[in-house]
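Let me begin by presenting the structure, written as structure tokens, before commenting on it.
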Protein chains: 2
Amino acid sequence: MPAFTPLIDSLPSSVPFVGPEALERRTGAAIKARIGANESVFGPAPSVIQAIKDHAGDPWMYGDPENHDLKQALAAHLGVQPENICVGEGIDGLFGYAVRLFVEQGVTVATSLGAYPTFNFHVAGFGGKLVTTPYVEDREDPASLLKLVTAENARVVYLANPDNPMGTVWPAAEIQKFIDALPETTLLMLDEAYSEFAEPNTRPALDVTRRNVLRFRTFSKAYGLAGARVGYVIGHPDVIKAFDKIRNHFGMARLSQVAALAALKDQAWLQHVVREVAAARERIYVIARAHNFAPLRSATNFVAVDCGKDGVYAKSLVDGLLKEGVFVRMPGVAPLNRCIRISAGKKEQLDLLEAALGRLV
Amino acid sequence: MPAFTPLIDSLPSSVPFVGPEALERRTGAAIKARIGANESVFGPAPSVIQAIKDHAGDPWMYGDPENHDLKQALAAHLGVQPENICVGEGIDGLFGYAVRLFVEQGVTVATSLGAYPTFNFHVAGFGGKLVTTPYVEDREDPASLLKLVTAENARVVYLANPDNPMGTVWPAAEIQKFIDALPETTLLMLDEAYSEFAEPNTRPALDVTRRNVLRFRTFSKAYGLAGARVGYVIGHPDVIKAFDKIRNHFGMARLSQVAALAALKDQAWLQHVVREVAAARERIYVIARAHNFAPLRSATNFVAVDCGKDGVYAKSLVDGLLKEGVFVRMPGVAPLNRCIRISAGKKEQLDLLEAALGRLV
């Protein structure tokens with residue numbers, strides 16, 4: 001047969017995440033509380049749903065490959081120029097492009113042990129050498145990452161603020177200190193997928209004069225559009241322009257562009273969701289403590305709950321909850337995997353969680 | 001700044017296609033007849049539009065990363081197994097993945113001079129060495145491609161049947177002969193994006209026991225869902241499985257999955273569109289001949305019209321039509337670029353085309 005490239009041959013067939021539909025097919029049991037993938041059960045805004053309905057006949061047309069209207073609106077919203085923004089097929093898609101721009105076989109990439117697996121998937125997929133440093137007190141640790149970058153001469157470093165899967169966050173000043181200390185030849189990929197849920201003082205000011213910082217944000221979480229696949233990356237025009245060399249120019253779904261634009265315009269809904277999520281976090285804290293678990297304070301739309309034992313025990317809870325129709329996930333590596341990760345839910349979903357945990361623990 | 005890879009540095013910033021919205025922004029004139037990108041002006045089926053409306057609130061959920069339901073339905077429709085199918089973000093997205101599986105720097109890829117530019121974009125993007133052979137009588141020529149593959153020891157060869165941009169087609173038997181003659185170590189990427197518009201006897205039987213043939217099809221053309229970005233590739237399970245090593249697993253928009261599934265179920269609409277397109281082609285032939293142009297017989301939803309002079313003249317027509325609000329395109333290289341390429345339109349769009357050509361010629 002035709003030869004795969006040696007790099008492809010070397011890659012495992014494992015996938016970063018199994019979707020809830022696949023779990024349903026495997027277990028044969030319907031998921032009643034879908035609170036495992038950090039989707040927003042509060043949904044997109046009614047104004048967004050209406051926009052989708054209004055444009056339901058439009059998909060005979062390709063989307064605008066330049067994402068012009070969405071970039072204009074984002075630029076105005078963020079106080080930058082459209083040239084500072086690349087829109088792509090979710091942050092996952094943009095991670096693939098960004099890694100491809102900078103990483104080839106032999107290039108070293110630094111991240112935290114247990115941080116976002118899909119980033120690692122892309123690094124491996126382009127032949128990068130991944131080096132890691134542990135979380136410190138359940139946070140990705142900028143000081144450790146900086147040491148690692150220097151020691152390993154890493155060309156790229158990944159940091160999420162707030163973090164996934166632990167939900168922890170650093171103040172903006174700490175992130176800024178990290179940025180300032182980073183070698184100019186090292187690219188920071190700063191994942192801010194959950195930043196709308198965190199306090200404003202956790203977001204360093206945007207500085208698009210820096211060529212070595214890319215900030216990744218998304219409509220998947222607070223805007224409730226995970227299934228639309230719209231992410232964006234903010235950075236220096238020279239770096240942003242390079243995405244055009246490789247991205248799938250006609251890759252954006254037209255209705256997704258419509259939905260994201262409508263979502264951005266409805267900041268009232270965003271604030272509503274942020275309040276709902278904050279309330280849901282409080283309830284998850286209460287439920288967790290009632291079972292003698294230790295919830296981690298979260299700056300996101302999920303809560304990592306320390307179940308007090310090891311990963312085997314946490315896994316038994318995740319599996320047990322799934323059998324009860326409650327879909328949650330857990331971190332992949334120790335010691336983070338003593339936790340289970342529960343996304344913010346509405347009352348009915350958290351009722352199911354509470355009841356199921358009561359039966360299991 | 002952080003170093004791009006040498007491959008990225010070597011790539012041009014040019015893009016394969018400029019979208020019609022971008023053309024509108026540049027010219028300041030609205031497009032009244034959007035018949036340049038081979039989209040289906042006949043739209044998706046009313047049943048598809050209804051399905052989108054019914055699911056308009058769903059995009060808070062990620063799409064199923066396994067595309068399970070769509071693959072099941074496609075497998076039943078095609079008489080193959082789900083393991084023979086990978087669904088992706090349009091054929092463009094799947095071309096990117098397929099090229100990445102087989103092509104790295106130094107690998108030779110064969111295609112026809114003037115064939116689909118986005119395929120070439122991906123080959124360049126992964127460092128492949130592109131070799132070409134001319135069209136023969138406005139068709140991609142299997143015999144020439146076979147010679148080229150052998151002479152250049154090409155690992156991958158691209159062939160579209162029917163062809164874009166010329167709209168010409170080979171009978172199934174000729175394509176089968178090409179497949180049978182191809183070295184087992186050369187992968188054929190057979191682009192069948194337009195095959196629903198062609199006679200059934202132009203599609204060789206699916207043979208998923210072959211490891212060196214991948215067949216690419218789409219919901220973008222006959223199903224009227226260009227903006228949904230849903231393509232699929234059919235092949236041997238070992239090759240199909242390899243896509244999982246690199247694809248953006250959560251890359252499919254949820255509403256796009258819904259739309260594609262609904263579209264596949266509505267074969268009556270597909271047949272309606274195929275009839276409308278056939279009628280539109282006939283009218284384009286008539287309009288072209290009335291201006292002393294020579295339309296090429298087309299097996300697709302567009303017609304390449306030989307304008308009898310060179311690319312400069314054809315370009316002047318494309319530009320002139322755009323000023324009149326009629327968006328068409330043209331092939332990129334000689335001698336194909338003596339033609340303009342006009343997509344099937346409804347009566348009102350072809351009326352605009354006819355009137356505008358009348359003023360221009």
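Letters for chains follow the order of the structure tokens (A, B, ...), residue numbers begin at 1 for each chain, and ligand numbers begin at 1 in the order shown.
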Q) Taking only C-alpha atoms into account, what are the residues of chain B at most 7 Å from chain A, put as a PyMOL selection string? A) chain B and resi 1-5+8+11-13+19+21+39-41+43-44+49+52-53+56-57+59-65+89+92-93+101-104+125+155+184-187+211-212+224-229+244-246+248+251+253-254
Spatial neighbours of segment 135-139 of chain A, 7 Å, only C-alpha atoms, chain gap at least 6 places, as a short mmCIF file (atom, residue, chain, number, x, y, z; two decimals) with N, CA and C atoms, in the first residue's frame:
data_model
loop_
_atom_site.label_atom_id
_atom_site.label_comp_id
_atom_site.auth_asym_id
_atom_site.auth_seq_id
_atom_site.Cartn_x
_atom_site.Cartn_y
_atom_site.Cartn_z
N SER A 112 2.13 21.74 31.14
CA SER A 112 2.03 21.17 32.49
C SER A 112 1.51 19.75 32.41
N LEU A 113 1.99 18.91 33.29
CA LEU A 113 1.60 17.50 33.28
C LEU A 113 0.15 17.36 33.72
N MET A 166 -8.55 21.76 36.19
CA MET A 166 -8.69 21.99 37.63
C MET A 166 -9.54 23.21 37.96
N THR A 168 -8.61 26.23 38.28
CA THR A 168 -7.88 27.24 39.05
C THR A 168 -7.43 28.38 38.14
#
Q: Enumerate the residues of segment 103-245 of chain B with a DSSP assignment of helix (DSSP H, G or I), computed from the backbone, and present them as JSON, numbers by chain.
A: {"B": [117, 118, 119, 120, 121, 122, 123, 124, 125, 142, 143, 144, 145, 146, 147, 148, 149, 150, 151, 152, 172, 173, 174, 175, 176, 177, 178, 179, 180, 181, 195, 196, 197, 200, 201, 202, 226, 227, 228, 237, 238, 239, 240, 241, 242, 243, 244, 245]}
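Within segment 177-283 of chain B, the backbone-based DSSP assignment of strand (DSSP E or B) covers B:Leu187, B:Leu188, B:Met189, B:Leu190, B:Asp191, B:Val213, B:Leu214, B:Arg215, B:Phe216, B:Arg217, B:Thr218, B:Gly231, B:Tyr232, B:Val233, B:Ile234.
Using only C-alpha atoms, the contacts of Glu24 of chain B at a cut-off of 10 Å, with sequence neighbours closer than 4 positions omitted, comprise B:Gly19, B:Pro20, B:Gly28, B:Ala29, B:Ala30, B:Ile31, B:Leu322, B:Lys323, B:Gly325, B:Phe327.
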(Q) Would you compute the distance between atom CA of Tyr313 of chain B and atom CA of Asn164 of chain B? Give it in Å to one decimal. (A)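 Going from atom CA of Tyr313 of chain B over to atom CA of Asn164 of chain B, I get 20.5 Å.
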Q: Find, counting only C-alpha atoms, the residue in A:Arg329, A:His272, A:Lys346, A:Arg338 that gets nearest to Leu23 of chain A.
A: A:Arg329
(Q) Counting only C-alpha atoms, which residue out of B:His236, B:Arg26, B:Arg281, B:Arg217 sits closest to Leu190 of chain B? (A) B:Arg217
Q: Would you mind listing what lies within 8 Å of segment 286-292 of chain A as a VMD selection string, with only C-alpha atoms counted and same-chain residues fewer than 6 positions away left out?
A: chain A and resid 305 307 354 357 to 358 361
Q: Could you tell me which of B:Leu350, B:Ala75, B:Ile340, B:Val258 comes closest to Ala279 of chain B if we count only C-alpha atoms?
A: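 Distance minimum relative to Ala279 of chain B lands on B:Leu350.
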**Q.** Test item: residues at most 12 Å from Ala198 of chain B, only C-alpha atoms, excluding those fewer than 4 positions along its chain, as a ChimeraX atom specification
**A.** /B:161-163,167-172,192-194,202-203,222,271,274-275,277-278,297-302
Q: Mind giving me the straight-line distance from atom CA of Pro237 of chain A to atom CA of Asn84 of chain A in Å, one decimal?
A: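 Computing the Euclidean distance for atom CA of Pro237 of chain A and atom CA of Asn84 of chain A yields 5.1 Å.
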Got a sec: who's within 7 Å of Ala173 of chain A, counting only C-alpha atoms, leaving out chain neighbours fewer than 3 positions off, as a short mmCIF file (atom, residue, chain, number, x, y, z; two decimals) with C-alpha atoms, in the first residue's frame?
data_model
loop_
_atom_site.label_atom_id
_atom_site.label_comp_id
_atom_site.auth_asym_id
_atom_site.auth_seq_id
_atom_site.Cartn_x
_atom_site.Cartn_y
_atom_site.Cartn_z
CA GLN A 176 1.96 39.27 32.91
CA LYS A 177 5.10 38.58 34.92
CA PRO A 204 -3.70 40.55 31.33
#
